[in-house]
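> Sharing protein-v8.tsv (TSV, C-alpha atoms) below.
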```
chain	number	residue	atom	x	y	z
A	26	MET	CA	55.66	-35.03	-73.40
A	27	GLY	CA	59.36	-35.81	-73.08
A	28	SER	CA	61.03	-37.89	-70.45
A	29	PHE	CA	64.35	-37.51	-68.70
A	30	SER	CA	64.84	-41.28	-68.76
A	31	THR	CA	66.85	-40.85	-71.95
A	32	ILE	CA	68.33	-37.44	-72.68
A	33	GLY	CA	70.11	-38.50	-75.84
A	34	GLY	CA	73.65	-38.50	-77.12
A	35	GLY	CA	74.51	-41.45	-74.94
A	36	ILE	CA	73.59	-39.56	-71.75
A	37	SER	CA	71.03	-41.21	-69.48
A	38	ASN	CA	70.88	-38.81	-66.53
A	39	LEU	CA	70.90	-35.06	-66.12
A	40	SER	CA	74.02	-34.91	-63.96
A	41	ALA	CA	76.02	-36.32	-66.87
A	42	LEU	CA	74.98	-33.47	-69.14
A	43	THR	CA	77.75	-31.04	-70.02
A	44	ILE	CA	76.85	-27.47	-70.99
A	45	ASP	CA	79.27	-25.43	-73.04
A	46	VAL	CA	79.15	-22.24	-70.95
A	47	ASP	CA	81.55	-20.43	-73.30
A	48	LYS	CA	79.17	-20.76	-76.20
A	49	ASP	CA	77.04	-17.68	-77.05
A	50	TRP	CA	73.59	-19.10	-76.37
A	51	ALA	CA	71.87	-16.18	-78.11
A	52	ARG	CA	73.22	-14.02	-75.27
A	53	HIS	CA	71.34	-16.06	-72.63
A	54	VAL	CA	73.55	-16.82	-69.66
A	55	ILE	CA	74.06	-20.52	-68.95
A	56	LYS	CA	74.99	-21.25	-65.35
A	57	ASN	CA	74.96	-24.08	-62.90
A	58	LEU	CA	71.80	-24.62	-60.89
A	59	GLY	CA	71.73	-22.86	-57.52
A	60	ALA	CA	70.55	-19.82	-55.66
A	61	PRO	CA	70.16	-16.68	-57.80
A	62	VAL	CA	73.14	-14.34	-57.52
A	63	ASP	CA	72.95	-11.84	-60.36
A	64	SER	CA	70.07	-9.58	-61.37
A	65	GLY	CA	69.50	-11.64	-64.52
A	66	ASP	CA	69.31	-14.99	-62.72
A	67	ALA	CA	66.09	-16.92	-62.56
A	68	ALA	CA	64.62	-16.54	-59.08
A	69	ARG	CA	63.14	-19.23	-56.88
A	70	LYS	CA	59.60	-18.63	-55.58
A	71	GLY	CA	60.88	-17.78	-52.11
A	72	ASP	CA	63.31	-15.27	-53.58
A	73	ILE	CA	60.67	-13.33	-55.46
A	74	PRO	CA	60.04	-10.02	-53.64
A	75	LEU	CA	56.58	-9.27	-52.34
A	76	THR	CA	54.49	-7.64	-55.03
A	77	LEU	CA	51.00	-6.20	-55.15
A	78	LYS	CA	48.27	-8.18	-56.84
A	79	LYS	CA	44.92	-6.69	-57.80
A	80	VAL	CA	42.30	-8.74	-55.99
A	81	ALA	CA	39.12	-6.88	-56.88
A	82	GLU	CA	37.96	-3.94	-58.96
A	83	VAL	CA	34.40	-2.74	-58.63
A	84	ASP	CA	32.88	-0.07	-60.88
A	85	VAL	CA	29.69	1.61	-59.74
A	86	THR	CA	27.38	2.35	-62.67
A	87	SER	CA	24.38	3.53	-60.66
A	88	ALA	CA	24.16	4.79	-57.10
A	89	VAL	CA	24.32	2.13	-54.40
A	90	THR	CA	24.45	2.18	-50.60
A	91	SER	CA	27.17	-0.38	-50.05
A	92	ILE	CA	29.78	-2.50	-51.79
A	93	THR	CA	30.42	-6.02	-50.51
A	94	VAL	CA	33.54	-7.90	-51.55
A	95	THR	CA	33.55	-11.62	-50.72
A	96	GLY	CA	36.07	-14.41	-51.24
A	97	LEU	CA	38.95	-12.50	-49.67
A	98	ASP	CA	41.67	-14.18	-47.59
A	99	ILE	CA	43.88	-11.76	-45.70
A	100	ASN	CA	45.88	-14.61	-44.19
A	101	THR	CA	47.10	-15.36	-47.72
A	102	HIS	CA	47.24	-11.78	-48.99
A	103	LYS	CA	48.75	-10.45	-45.71
A	104	PHE	CA	47.05	-7.04	-46.04
A	105	TYR	CA	44.68	-5.17	-48.30
A	106	LEU	CA	45.47	-1.84	-49.89
A	107	ILE	CA	42.24	-0.23	-51.03
A	108	ILE	CA	41.72	2.75	-53.29
A	109	PHE	CA	38.19	4.08	-53.02
A	110	MET	CA	37.27	6.90	-55.38
A	111	VAL	CA	33.78	8.03	-54.52
A	112	LYS	CA	31.18	10.55	-55.50
A	113	ASN	CA	28.46	11.47	-53.06
A	114	PRO	CA	25.39	12.17	-55.19
A	115	THR	CA	23.08	12.92	-52.28
A	116	ALA	CA	21.97	16.29	-50.92
A	117	GLY	CA	23.65	15.72	-47.55
A	118	GLY	CA	27.03	14.73	-46.15
A	119	VAL	CA	27.82	11.03	-46.25
A	120	TRP	CA	30.19	9.00	-44.05
A	121	TYR	CA	31.66	5.78	-45.36
A	122	HIS	CA	32.29	2.82	-43.07
A	123	LEU	CA	34.51	-0.24	-43.55
A	124	CYS	CA	33.18	-3.43	-41.96
A	125	VAL	CA	34.70	-6.91	-41.98
A	126	GLU	CA	33.42	-10.47	-41.89
A	127	GLY	CA	29.83	-9.40	-42.52
A	128	ASP	CA	29.54	-7.55	-39.22
A	129	THR	CA	27.85	-4.33	-40.31
A	130	THR	CA	26.74	-3.37	-36.80
A	131	LEU	CA	28.64	-0.10	-36.68
A	132	THR	CA	28.71	0.07	-32.88
A	133	ASN	CA	31.02	-2.95	-32.95
A	134	TYR	CA	33.75	-0.59	-34.19
A	135	TYR	CA	35.45	2.64	-33.12
A	136	SER	CA	36.93	5.28	-35.37
A	137	GLN	CA	39.42	8.06	-34.58
A	138	TYR	CA	39.88	10.86	-37.08
A	139	ALA	CA	41.72	14.12	-37.58
A	140	TYR	CA	41.56	16.60	-40.43
A	141	TRP	CA	43.37	19.69	-41.64
A	142	SER	CA	42.14	22.39	-43.99
A	143	GLY	CA	44.46	25.37	-44.22
A	144	THR	CA	45.36	26.33	-40.64
A	145	GLY	CA	42.17	24.85	-39.26
A	146	GLY	CA	41.84	21.33	-37.99
A	147	GLY	CA	39.69	19.08	-35.91
A	148	ALA	CA	39.57	15.68	-34.33
A	149	GLY	CA	37.08	13.26	-32.86
A	150	ARG	CA	36.25	9.65	-32.08
A	151	SER	CA	33.06	7.89	-33.01
A	152	ASN	CA	31.52	4.53	-32.12
A	153	ASP	CA	31.40	3.34	-35.73
A	154	ALA	CA	33.63	2.12	-38.57
A	155	CYS	CA	34.09	5.43	-40.39
A	156	ILE	CA	37.01	5.58	-42.84
A	157	SER	CA	35.97	8.51	-45.05
A	158	SER	CA	33.30	11.08	-45.78
A	159	GLU	CA	32.14	13.39	-48.55
A	160	TYR	CA	30.21	16.63	-48.57
A	161	ALA	CA	26.89	16.80	-50.42
A	162	GLY	CA	27.48	16.42	-54.15
A	163	ASP	CA	31.24	16.30	-53.66
A	164	GLU	CA	33.78	13.66	-54.65
A	165	GLY	CA	37.22	12.54	-53.54
A	166	GLY	CA	39.52	9.63	-52.95
A	167	VAL	CA	40.67	7.66	-49.97
A	168	LEU	CA	43.59	5.26	-49.56
A	169	ILE	CA	42.88	2.51	-47.02
A	170	LEU	CA	45.18	-0.13	-45.54
A	171	VAL	CA	43.50	-3.11	-43.87
A	172	ALA	CA	45.43	-5.59	-41.74
A	173	ARG	CA	45.06	-7.81	-38.67
A	174	SER	CA	47.02	-6.92	-35.56
A	175	PRO	CA	49.14	-9.61	-33.86
A	176	SER	CA	46.13	-10.33	-31.63
A	177	GLY	CA	43.81	-10.54	-34.63
A	178	TYR	CA	42.05	-7.18	-34.35
A	179	PRO	CA	41.14	-5.87	-37.79
A	180	HIS	CA	42.44	-2.35	-38.35
A	181	ALA	CA	41.73	0.05	-41.19
A	182	TRP	CA	43.96	3.11	-41.65
A	183	SER	CA	42.86	5.64	-44.22
A	184	PHE	CA	44.18	8.81	-45.75
A	185	ARG	CA	41.63	10.95	-47.47
A	186	ALA	CA	42.42	13.55	-50.10
A	187	GLN	CA	39.56	15.98	-49.96
A	188	ARG	CA	38.31	18.70	-52.29
A	189	VAL	CA	40.16	20.37	-55.15
A	190	GLY	CA	42.03	23.55	-56.11
A	191	ALA	CA	42.44	26.16	-53.39
A	192	ASN	CA	40.30	24.09	-51.01
A	193	VAL	CA	42.48	20.94	-50.86
A	194	SER	CA	42.58	19.35	-47.44
A	195	ILE	CA	43.47	16.06	-45.78
A	196	GLU	CA	41.85	13.69	-43.33
A	197	LEU	CA	43.14	10.66	-41.42
A	198	TYR	CA	41.06	7.83	-39.97
A	199	HIS	CA	41.76	4.74	-37.93
A	200	ALA	CA	38.88	2.29	-37.52
A	201	CYS	CA	39.08	-0.90	-35.49
A	202	LYS	CA	36.63	-3.63	-34.58
A	203	THR	CA	36.08	-4.31	-30.89
A	204	ALA	CA	36.73	-8.04	-31.33
A	205	ALA	CA	39.48	-10.06	-32.99
A	206	VAL	CA	38.90	-12.13	-36.13
A	207	THR	CA	40.81	-15.16	-37.43
A	208	ASN	CA	40.73	-14.00	-41.05
A	209	ILE	CA	39.22	-11.29	-43.22
A	210	THR	CA	37.24	-12.93	-46.00
A	211	ARG	CA	34.72	-10.15	-46.57
A	212	ILE	CA	34.83	-6.37	-46.61
A	213	ASP	CA	31.80	-4.09	-46.75
A	214	ILE	CA	32.02	-0.41	-47.60
A	215	VAL	CA	28.79	1.08	-46.28
A	216	ALA	CA	27.52	4.62	-46.86
A	217	SER	CA	25.62	6.39	-44.10
A	218	ALA	CA	22.85	7.38	-46.51
A	219	ALA	CA	20.96	5.35	-49.10
A	220	GLY	CA	22.53	5.80	-52.53
A	221	GLY	CA	25.60	7.47	-51.00
A	222	ILE	CA	28.03	5.76	-53.41
A	223	GLY	CA	27.34	7.42	-56.73
A	224	ALA	CA	27.77	6.35	-60.34
A	225	GLY	CA	31.40	6.59	-61.42
A	226	SER	CA	32.71	5.58	-58.01
A	227	LYS	CA	35.36	2.86	-58.04
A	228	LEU	CA	36.80	0.45	-55.50
A	229	ILE	CA	40.10	-1.33	-56.14
A	230	ILE	CA	41.61	-3.82	-53.68
A	231	TYR	CA	45.23	-4.96	-53.82
A	232	GLY	CA	46.80	-7.70	-51.76
A	233	ALA	CA	50.27	-9.18	-51.51
A	234	SER	CA	51.31	-11.97	-53.83
A	235	GLY	CA	54.17	-14.33	-53.24
B	9	MET	CA	13.54	3.80	-40.10
B	10	SER	CA	14.76	1.38	-42.74
B	11	VAL	CA	14.54	1.97	-46.47
B	12	ARG	CA	15.09	-0.30	-49.46
B	13	ALA	CA	18.59	0.23	-50.79
B	14	LYS	CA	20.93	-1.34	-53.33
B	15	ARG	CA	24.32	-2.91	-52.83
B	16	ILE	CA	26.97	-4.37	-55.12
B	17	ILE	CA	28.33	-7.80	-54.28
B	18	TYR	CA	31.66	-8.73	-55.85
B	19	ASP	CA	33.02	-12.26	-55.49
B	20	VAL	CA	36.82	-12.35	-55.72
B	21	LYS	CA	36.88	-16.07	-56.49
B	22	THR	CA	34.56	-15.89	-59.52
B	23	GLY	CA	35.04	-12.25	-60.54
B	24	GLU	CA	31.26	-11.91	-60.72
B	25	GLN	CA	29.56	-8.67	-59.76
B	26	ARG	CA	25.86	-8.41	-59.05
B	27	GLU	CA	23.43	-6.05	-57.35
B	28	GLU	CA	20.75	-6.80	-54.82
B	29	GLU	CA	18.31	-4.86	-52.68
B	30	PHE	CA	18.37	-4.90	-48.90
B	31	ASP	CA	16.77	-3.12	-45.94
B	32	PHE	CA	19.00	-0.28	-44.87
B	33	THR	CA	18.76	1.70	-41.65
B	34	PRO	CA	20.85	4.89	-41.90
B	35	PRO	CA	23.24	5.13	-38.95
B	36	PRO	CA	23.44	8.30	-36.88
B	37	PRO	CA	26.14	10.75	-37.99
B	38	PRO	CA	29.38	10.79	-36.01
B	39	PRO	CA	29.55	13.40	-33.23
B	40	GLU	CA	30.77	16.85	-34.23
B	41	PRO	CA	34.57	17.09	-34.07
B	42	ILE	CA	36.41	19.40	-31.72
B	43	ALA	CA	37.76	21.98	-34.15
B	44	PHE	CA	40.67	24.34	-33.61
B	45	ASP	CA	42.83	26.76	-35.56
B	46	LEU	CA	46.62	26.95	-35.42
B	47	ARG	CA	46.42	30.77	-35.44
B	48	ASP	CA	44.60	30.59	-32.09
B	49	LEU	CA	47.37	28.35	-30.76
B	50	LYS	CA	49.98	30.87	-31.90
B	51	LYS	CA	48.10	33.65	-30.11
B	52	LEU	CA	48.06	31.55	-26.96
B	53	ILE	CA	51.81	30.89	-27.20
B	54	ASP	CA	52.53	34.59	-27.80
B	55	TYR	CA	50.41	35.48	-24.78
B	56	ALA	CA	52.19	32.89	-22.61
B	57	LYS	CA	55.54	34.32	-23.69
B	58	MET	CA	54.40	37.85	-22.92
B	59	MET	CA	53.33	36.73	-19.46
B	60	LYS	CA	56.70	34.95	-19.11
B	61	TRP	CA	54.92	31.67	-18.45
B	62	ILE	CA	57.16	29.99	-21.02
```
Translate this structure into structure tokens?

Amino acid sequence: MGSFSTIGGGISNLSALTIDVDKDWARHVIKNLGAPVDSGDAARKGDIPLTLKKVAEVDVTSAVTSITVTGLDINTHKFYLIIFMVKNPTAGGVWYHLCVEGDTTLTNYYSQYAYWSGTGGGAGRSNDACISSEYAGDEGGVLILVARSPSGYPHAWSFRAQRVGANVSIELYHACKTAAVTNITRIDIVASAAGGIGAGSKLIIYGASG
Amino acid sequence: MSVRAKRIIYDVKTGEQREEEFDFTPPPPPPEPIAFDLRDLKKLIDYAKMMKWI
């Protein structure tokens, strides 16, 4: 491990070092230290733009009823962007709920939803944490954004792409807990029927880094 | 009535994924939505225009 106590060439401190900026340093730009200015400049940590970091990826190999992700920290990650690709292997319709901080009592949440299929639509509100659904034996994907409001209420917004081919349709959900939380360290995705999250389903959670 | 069900537990800090059984009580389904069709809305607007309401 080197030391800056003696740089060499008769120089004993870094400020005395002279860099020949006109030399072709293998086409690497040599500049004075300071805030980044050009696109090729090295960036300080605070100058690095917010990027997405994959926090969790869960593959379902056999049907389960819920997926619990622990060890989260939304105060660090700022928000969670969740992609939930799911197959409903059961013989009935299944609703999927998103719960936080281990509170899986669905009546502690409310959900508002609206859907469109062709010219037909519908809307409703339920006393639960619903963020998606699937028809019997059907599959689809849902994009969910989870964040805390300024007062600490955990919100989940979701956009569901439903069905395929000539039957494509869309569905929007907004679920919110009835009480504020100081952090989100755990998320549960809970099906309304046992085994409602089939083999091949996948859950990916992204958070902010930087 | 509760049934035995399986869940996946994934720990972000360790990257470990495991399964466990738990007692699961299926929640009631959400209430039926109020459904509508835009063609009905168009008919209503056409009727209102015909009646010179709008």
> Check which residues of chain B sit at most 7 Å from chain A using only C-alpha atoms, and return one row each with the closest pair of atoms and their distance in Å to one decimal, ordered by chain and rising number, as a Markdown table.

```
| residue | atom | partner | partner_atom | distance |
| --- | --- | --- | --- | --- |
| B:Ala13 | CA | A:Ala219 | CA | 5.9 |
| B:Lys14 | CA | A:Val89 | CA | 5.0 |
| B:Arg15 | CA | A:Ser91 | CA | 4.7 |
| B:Ile16 | CA | A:Ile92 | CA | 4.7 |
| B:Ile17 | CA | A:Thr93 | CA | 4.7 |
| B:Tyr18 | CA | A:Val94 | CA | 4.8 |
| B:Asp19 | CA | A:Thr95 | CA | 4.8 |
| B:Val20 | CA | A:Gly96 | CA | 5.0 |
| B:Lys21 | CA | A:Gly96 | CA | 5.6 |
| B:Pro34 | CA | A:Ser217 | CA | 5.5 |
| B:Pro35 | CA | A:Ser217 | CA | 5.8 |
| B:Pro38 | CA | A:Ser151 | CA | 5.6 |
| B:Pro39 | CA | A:Ser151 | CA | 6.5 |
| B:Pro41 | CA | A:Gly149 | CA | 4.7 |
| B:Ile42 | CA | A:Gly147 | CA | 5.3 |
| B:Ala43 | CA | A:Gly147 | CA | 3.9 |
| B:Phe44 | CA | A:Gly146 | CA | 5.4 |
| B:Asp45 | CA | A:Gly145 | CA | 4.2 |
| B:Leu46 | CA | A:Thr144 | CA | 5.4 |
| B:Arg47 | CA | A:Thr144 | CA | 6.9 |
```
> Mind giving me the straight-line distance from atom CA of His102 of chain A to atom CA of Asn133 of chain A in Å, one decimal?
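So the answer is 24.5 Å.
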> Tell me which of A:Gln137, A:Thr43, A:Thr101, A:Thr115 sits closest to Asn208 of chain A, counting only C-alpha atoms.
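For Asn208 of chain A, the nearest of the given residues is A:Thr101.
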> Grab the atom CA of Ala200 of chain A to atom CA of Lys112 of chain A distance for me, in Å with one decimal place.
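Taking atom CA of Ala200 of chain A as the start and atom CA of Lys112 of chain A as the end point, the length is 21.2 Å.
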> Just checking: using all atoms listed in the file, which residue out of A:Ser158, A:Thr86, A:Gly117, A:Leu42 ends up closest to Glu27 of chain B?
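Of all the options, A:Thr86 lies closest to Glu27 of chain B.
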> When you look at Gly165 of chain A with a cut-off of 10 Å (counting all atoms listed in the file), what residues show up, excluding the ones that are within fewer than 3 positions of it in the same chain? I need them as a PDB file with C-alpha atoms, in the coordinates of the input.

```
ATOM      1  CA  PHE A 109      38.190   4.080 -53.020  1.00  0.00           C
ATOM      2  CA  MET A 110      37.270   6.900 -55.380  1.00  0.00           C
ATOM      3  CA  VAL A 111      33.780   8.030 -54.520  1.00  0.00           C
ATOM      4  CA  LYS A 112      31.180  10.550 -55.500  1.00  0.00           C
ATOM      5  CA  ASN A 113      28.460  11.470 -53.060  1.00  0.00           C
ATOM      6  CA  SER A 157      35.970   8.510 -45.050  1.00  0.00           C
ATOM      7  CA  SER A 158      33.300  11.080 -45.780  1.00  0.00           C
ATOM      8  CA  GLU A 159      32.140  13.390 -48.550  1.00  0.00           C
ATOM      9  CA  TYR A 160      30.210  16.630 -48.570  1.00  0.00           C
ATOM     10  CA  ARG A 185      41.630  10.950 -47.470  1.00  0.00           C
ATOM     11  CA  ALA A 186      42.420  13.550 -50.100  1.00  0.00           C
ATOM     12  CA  GLN A 187      39.560  15.980 -49.960  1.00  0.00           C
ATOM     13  CA  ARG A 188      38.310  18.700 -52.290  1.00  0.00           C
ATOM     14  CA  VAL A 189      40.160  20.370 -55.150  1.00  0.00           C
ATOM     15  CA  SER A 226      32.710   5.580 -58.010  1.00  0.00           C
TER      16      SER A 226
END
```
> Nearest to Ile212 of chain A: which of A:Glu126, A:Glu164, A:Glu196, A:Asp63 is it, counting only C-alpha atoms?
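Among A:Glu126, A:Glu164, A:Glu196, A:Asp63, it is A:Glu126 that comes nearest to Ile212 of chain A.
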> What is the distance, in Å and to one decimal place, between atom CA of Ile107 of chain A and atom CA of Thr129 of chain A?
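We find that atom CA of Ile107 of chain A and atom CA of Thr129 of chain A lie 18.4 Å from each other.
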> Where's the centre, and what are the edge lengths in Å to one decimal, of a box along x, y and z enclosing all listed atoms of segment 81-96 of chain A padded 3 Å per side, as lines of an AutoDock Vina configuration file?

```
center_x = 31.6
center_y = -4.8
center_z = -56.4
size_x = 21.0
size_y = 25.2
size_z = 18.6
```
> Can segment 25-57 of chain B be brought up to N, CA and C atoms and written out as a compact mmCIF listing (two decimals), in the coordinates of the input?

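Printed below is part_17.txt as written:
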```
# COMPACT_ATOMS: atom_id res chain seq x y z
N GLN B 25 30.11 -9.83 -60.46
CA GLN B 25 29.56 -8.67 -59.76
C GLN B 25 28.06 -8.62 -59.99
N ARG B 26 27.32 -8.49 -58.91
CA ARG B 26 25.86 -8.41 -59.05
C ARG B 26 25.33 -7.38 -58.07
N GLU B 27 24.08 -7.00 -58.27
CA GLU B 27 23.43 -6.05 -57.35
C GLU B 27 22.24 -6.71 -56.71
N GLU B 28 21.95 -6.31 -55.49
CA GLU B 28 20.75 -6.80 -54.82
C GLU B 28 20.20 -5.70 -53.93
N GLU B 29 18.94 -5.83 -53.59
CA GLU B 29 18.31 -4.86 -52.68
C GLU B 29 18.36 -5.40 -51.25
N PHE B 30 18.39 -4.49 -50.30
CA PHE B 30 18.37 -4.90 -48.90
C PHE B 30 17.73 -3.77 -48.08
N ASP B 31 17.34 -4.12 -46.85
CA ASP B 31 16.77 -3.12 -45.94
C ASP B 31 17.91 -2.38 -45.26
N PHE B 32 17.89 -1.08 -45.38
CA PHE B 32 19.00 -0.28 -44.87
C PHE B 32 18.48 0.72 -43.85
N THR B 33 19.08 0.72 -42.69
CA THR B 33 18.76 1.70 -41.65
C THR B 33 19.92 2.68 -41.55
N PRO B 34 19.74 3.93 -41.96
CA PRO B 34 20.85 4.89 -41.90
C PRO B 34 21.36 5.05 -40.47
N PRO B 35 22.68 4.95 -40.30
CA PRO B 35 23.24 5.13 -38.95
C PRO B 35 23.25 6.60 -38.57
N PRO B 36 23.34 6.89 -37.28
CA PRO B 36 23.44 8.30 -36.88
C PRO B 36 24.78 8.86 -37.32
N PRO B 37 24.84 10.16 -37.61
CA PRO B 37 26.14 10.75 -37.99
C PRO B 37 27.10 10.73 -36.81
N PRO B 38 28.41 10.71 -37.09
CA PRO B 38 29.38 10.79 -36.01
C PRO B 38 29.21 12.10 -35.25
N PRO B 39 29.65 12.14 -33.99
CA PRO B 39 29.55 13.40 -33.23
C PRO B 39 30.40 14.49 -33.87
N GLU B 40 30.02 15.72 -33.67
CA GLU B 40 30.77 16.85 -34.23
C GLU B 40 32.21 16.83 -33.69
N PRO B 41 33.18 17.08 -34.55
CA PRO B 41 34.57 17.09 -34.07
C PRO B 41 34.86 18.32 -33.23
N ILE B 42 35.88 18.22 -32.39
CA ILE B 42 36.41 19.40 -31.72
C ILE B 42 37.34 20.08 -32.71
N ALA B 43 36.98 21.28 -33.13
CA ALA B 43 37.76 21.98 -34.15
C ALA B 43 38.64 23.04 -33.51
N PHE B 44 39.77 23.31 -34.12
CA PHE B 44 40.67 24.34 -33.61
C PHE B 44 41.42 24.96 -34.79
N ASP B 45 42.09 26.06 -34.52
CA ASP B 45 42.83 26.76 -35.56
C ASP B 45 44.23 27.06 -35.04
N LEU B 46 45.24 26.75 -35.86
CA LEU B 46 46.62 26.95 -35.42
C LEU B 46 46.91 28.41 -35.09
N ARG B 47 46.19 29.35 -35.74
CA ARG B 47 46.42 30.77 -35.44
C ARG B 47 46.03 31.08 -33.99
N ASP B 48 44.98 30.41 -33.49
CA ASP B 48 44.60 30.59 -32.09
C ASP B 48 45.69 30.05 -31.17
N LEU B 49 46.30 28.93 -31.56
CA LEU B 49 47.37 28.35 -30.76
C LEU B 49 48.56 29.30 -30.72
N LYS B 50 48.86 29.93 -31.86
CA LYS B 50 49.98 30.87 -31.90
C LYS B 50 49.70 32.07 -30.97
N LYS B 51 48.47 32.54 -31.01
CA LYS B 51 48.10 33.65 -30.11
C LYS B 51 48.30 33.25 -28.66
N LEU B 52 47.93 32.04 -28.32
CA LEU B 52 48.06 31.55 -26.96
C LEU B 52 49.54 31.47 -26.55
N ILE B 53 50.37 30.98 -27.48
CA ILE B 53 51.81 30.89 -27.20
C ILE B 53 52.40 32.28 -27.01
N ASP B 54 52.03 33.22 -27.91
CA ASP B 54 52.53 34.59 -27.80
C ASP B 54 52.12 35.21 -26.45
N TYR B 55 50.90 34.94 -26.04
CA TYR B 55 50.41 35.48 -24.78
C TYR B 55 51.20 34.89 -23.60
N ALA B 56 51.43 33.56 -23.68
CA ALA B 56 52.19 32.89 -22.61
C ALA B 56 53.60 33.44 -22.52
N LYS B 57 54.20 33.73 -23.68
CA LYS B 57 55.54 34.32 -23.69
C LYS B 57 55.52 35.71 -23.07
```
